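One structure is given below, encoded as structure tokens.
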Amino acid sequence: MVSPKLYTYPLSTSQNMATAGKVIKCRAAVAWKPNAPLVIEDIEVAPPQENEIRIKVIATGVCHTDLYHLFEGKHEEGFPAVLGHEGAGIVESVGPGVTDFKPGDKVIPLFISQCGDCVFCKCPKTNLCERSWTSVRYGIMSEADSRFTCRGKVILQFMGTSTFSEYTVLNQIAVAKISDDARLDRVCLLGCGISTGYGAAINTAQVTPGSVCAVFGLGAVGLAAVMGCRNAGASRIIAVDINEDKFAKARALGATDFVNPKKHSKPISDVLSDMTNGGVDFSLECVGNVAVMRSALESCAKGWGVSVVVGWTDMADFSARPIQLIAGKTWKGSLFGGFKSKDSVPKLVLDYKSGKINLDEFVTHNMPLEKVNDAIELMKTGGCIRTILDVSPK
Ligand SMILES: NC(=O)c1ccc[n+]([C@@H]2O[C@H](COP(=O)([O-])OP(=O)(O)OC[C@H]3O[C@@H](n4cnc5c(N)ncnc54)[C@H](O)[C@@H]3O)[C@@H](O)[C@H]2O)c1
Ligand SMILES: [Zn+2]
Ligand SMILES: [Zn+2]
């Protein structure tokens, strides 16, 4: 048991009094344009407005979706922006109308909001929220509004969150309050990757005990999907990646079989079919590649197989032969693991504390915010699972 005391991050009352209601000047990694390194800048962060919360970010993970926006999606209108959406921090001050949060609370910013009032929030079948940037701004990947400026320019808040900044401002519908003893440099991972992969297996695929599963792509998202299949009681979990360095972690999280597509001349769906006598019960695509999405579907057993698209891309259409679905397979997608964000993230923090879910295993590197470009490079070259960036000086 780790003493909760170790994980207190003091935000003194005097510090809060000094900054509340004022513009804060702080460091952030700004993505000025696509395909270029981030630049550490001094930015201005406006005070929170009605229903908003200003957060001192303590730690953040780097997720492939940050790299997607920078190097793959490259929507010009989505820049300049502060990237980062997998963070955890402490409330610095709150705007008018905020009653459920106070300075000093530990929180996780949510890239999908949960307003509680919209048609999606009221429906138990989905975790979408009409008031989230995801409703209208998939390409730009940010809110229309921002509290950031730098060198006289408005800087967009990527995925509404922007955790590569010492301070950020979010509407209270996109913030989860978590327990006071949470270790922020671990639970930040619940802001995206781990919740996404884990939920994709337990909520979206609804993996059943004794089933045979395949997970394509063993980054943090795929490894969390492996963990979800394990916790759901799968009897066999086949881990598929072109980088064999990822297999050891997959084994530690519950994978039983390992396949490198590069080592096979026949389609990977045939390889999996031979290994399982007709295909897997559940497959999860955690790469973001439309060809892999197709293989994952084709790897499922006809009659009942369920394949879930988790990897992110809006660059290309996918395709498959209709017979795949006619013969009884189901093809689904999963955003943030199907978790209703504000309700679920605090519970996942408790699941980490009780040992039901792993987080420590996902952290391979730790760096200060200034090294963010090194962290991005590590992910690009497959050299990490998750790098945790220390954002605010202790
Ligand atoms: N749906 C969501 O809500 C959501 C949330 C977070 C991330 N994502 C997406 O999930 C994906 C994974 O994110 P991550 O942070 O784990 O990324 P990552 O880059 O750490 O991991 C991707 C893994 O896929 C492997 N891979 C690449 N090509 C492959 C192939 N052809 N076959 C098998 N494996 C292959 C890589 O070697 C790597 O291990 C990304 O597309 C990301 O944008 C989606
Ligand atoms: Zn809503
Ligand atoms: Zn992410």
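Identifiers for the structure tokens are assigned positionally: chains receive A, B, ... in sequence, residues are indexed from 1 per chain, and ligands are indexed from 1 in the order shown.
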
- For Ser162 in chain A, please output as number ranges by chain all residues within 7 Å (counting only C-alpha atoms; exclusion window: fewer than 3 positions along the same chain). A: 82-85, 157-158, 165, 168

Hey, could you make a per-residue contact list for chain A against ligand 3 with 7 Å as the cut-off, showing the nearest pair of atoms and its distance in Å to one decimal, counting only C-alpha atoms and all ligand atoms, sorted by chain and number, as CSV?
```
residue,atom,partner,partner_atom_place_in_ligand_line,distance
A:Cys63,CA,ligand 3,1 (Zn),4.6
A:His64,CA,ligand 3,1 (Zn),6.2
A:Thr65,CA,ligand 3,1 (Zn),5.0
A:Asp66,CA,ligand 3,1 (Zn),6.9
A:His85,CA,ligand 3,1 (Zn),6.3
A:Glu86,CA,ligand 3,1 (Zn),6.3
A:Cys192,CA,ligand 3,1 (Zn),4.6
A:Gly193,CA,ligand 3,1 (Zn),5.2
```

- Query: Using only C-alpha atoms and all ligand atoms, which protein or nucleic acid residues are at most 12 Å from ligand 2, as a PyMOL selection string?
  - Reply: chain A and resi 112-124+126-135+172-174+340-342

- Task: Using only C-alpha atoms and all ligand atoms, find each residue with an atom at most 7 Å away from ligand 1 and format the answer as a ChimeraX atom specification.
- Result: /A:63-65,68,192-193,196,216-222,240-243,246,261,286-288,292,310-313,334-337,379-380,382,385

- Task: From the DSSP assignment of the backbone, select every residue of range 85-293 of chain A that is helix (DSSP H, G or I), and format the answer as a PyMOL selection string.
- Result: chain A and resi 133-135+172-174+184-191+193-205+220-231+244-252+261-263+268-276+290-293

- From a DSSP calculation on the backbone, collect every residue of range 30-128 of chain A in strand (DSSP E or B) and output the set as a PyMOL selection string. chain A and resi 30-31+39-45+52-61+81-82+86-94+106-109

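If only C-alpha atoms are the atoms counted, then among A:Ala327, A:Val280, A:Ile58, A:Ile357 the closest residue to Ser195 in chain A is A:Ile357.
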
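Taking only C-alpha atoms, the non-local environment of Gly73 in chain A within 8 Å (same-chain residues fewer than 3 positions away omitted) comprises Tyr68, His69, Leu70, Gly139, Thr313, Asp314 and Met315 of chain A.
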
Residues from last step as file, N, CA and C atoms, as a short mmCIF file (atom, residue, chain, number, x, y, z; two decimals), in the first residue's frame:
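Generated file (out10.cif):
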```
data_model
loop_
_atom_site.label_atom_id
_atom_site.label_comp_id
_atom_site.auth_asym_id
_atom_site.auth_seq_id
_atom_site.Cartn_x
_atom_site.Cartn_y
_atom_site.Cartn_z
N TYR A 68 -1.71 11.82 -34.17
CA TYR A 68 -2.61 11.78 -35.32
C TYR A 68 -2.90 13.21 -35.80
N HIS A 69 -3.25 14.09 -34.86
CA HIS A 69 -3.60 15.47 -35.21
C HIS A 69 -2.41 16.19 -35.83
N LEU A 70 -1.23 15.93 -35.26
CA LEU A 70 -0.03 16.64 -35.68
C LEU A 70 0.54 16.14 -37.01
N GLY A 139 -13.00 17.06 -37.45
CA GLY A 139 -11.80 17.37 -38.23
C GLY A 139 -10.86 18.29 -37.48
N THR A 313 -9.15 7.23 -37.16
CA THR A 313 -8.74 7.89 -38.40
C THR A 313 -9.97 8.44 -39.11
N ASP A 314 -9.85 9.62 -39.73
CA ASP A 314 -10.91 10.05 -40.65
C ASP A 314 -10.30 10.36 -42.01
N MET A 315 -9.18 9.68 -42.28
CA MET A 315 -8.44 9.94 -43.52
C MET A 315 -8.87 9.03 -44.66
#
```

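Note that the spacing between CA of Arg147 in chain A and CA of Pro346 in chain A amounts to 25.7 Å.
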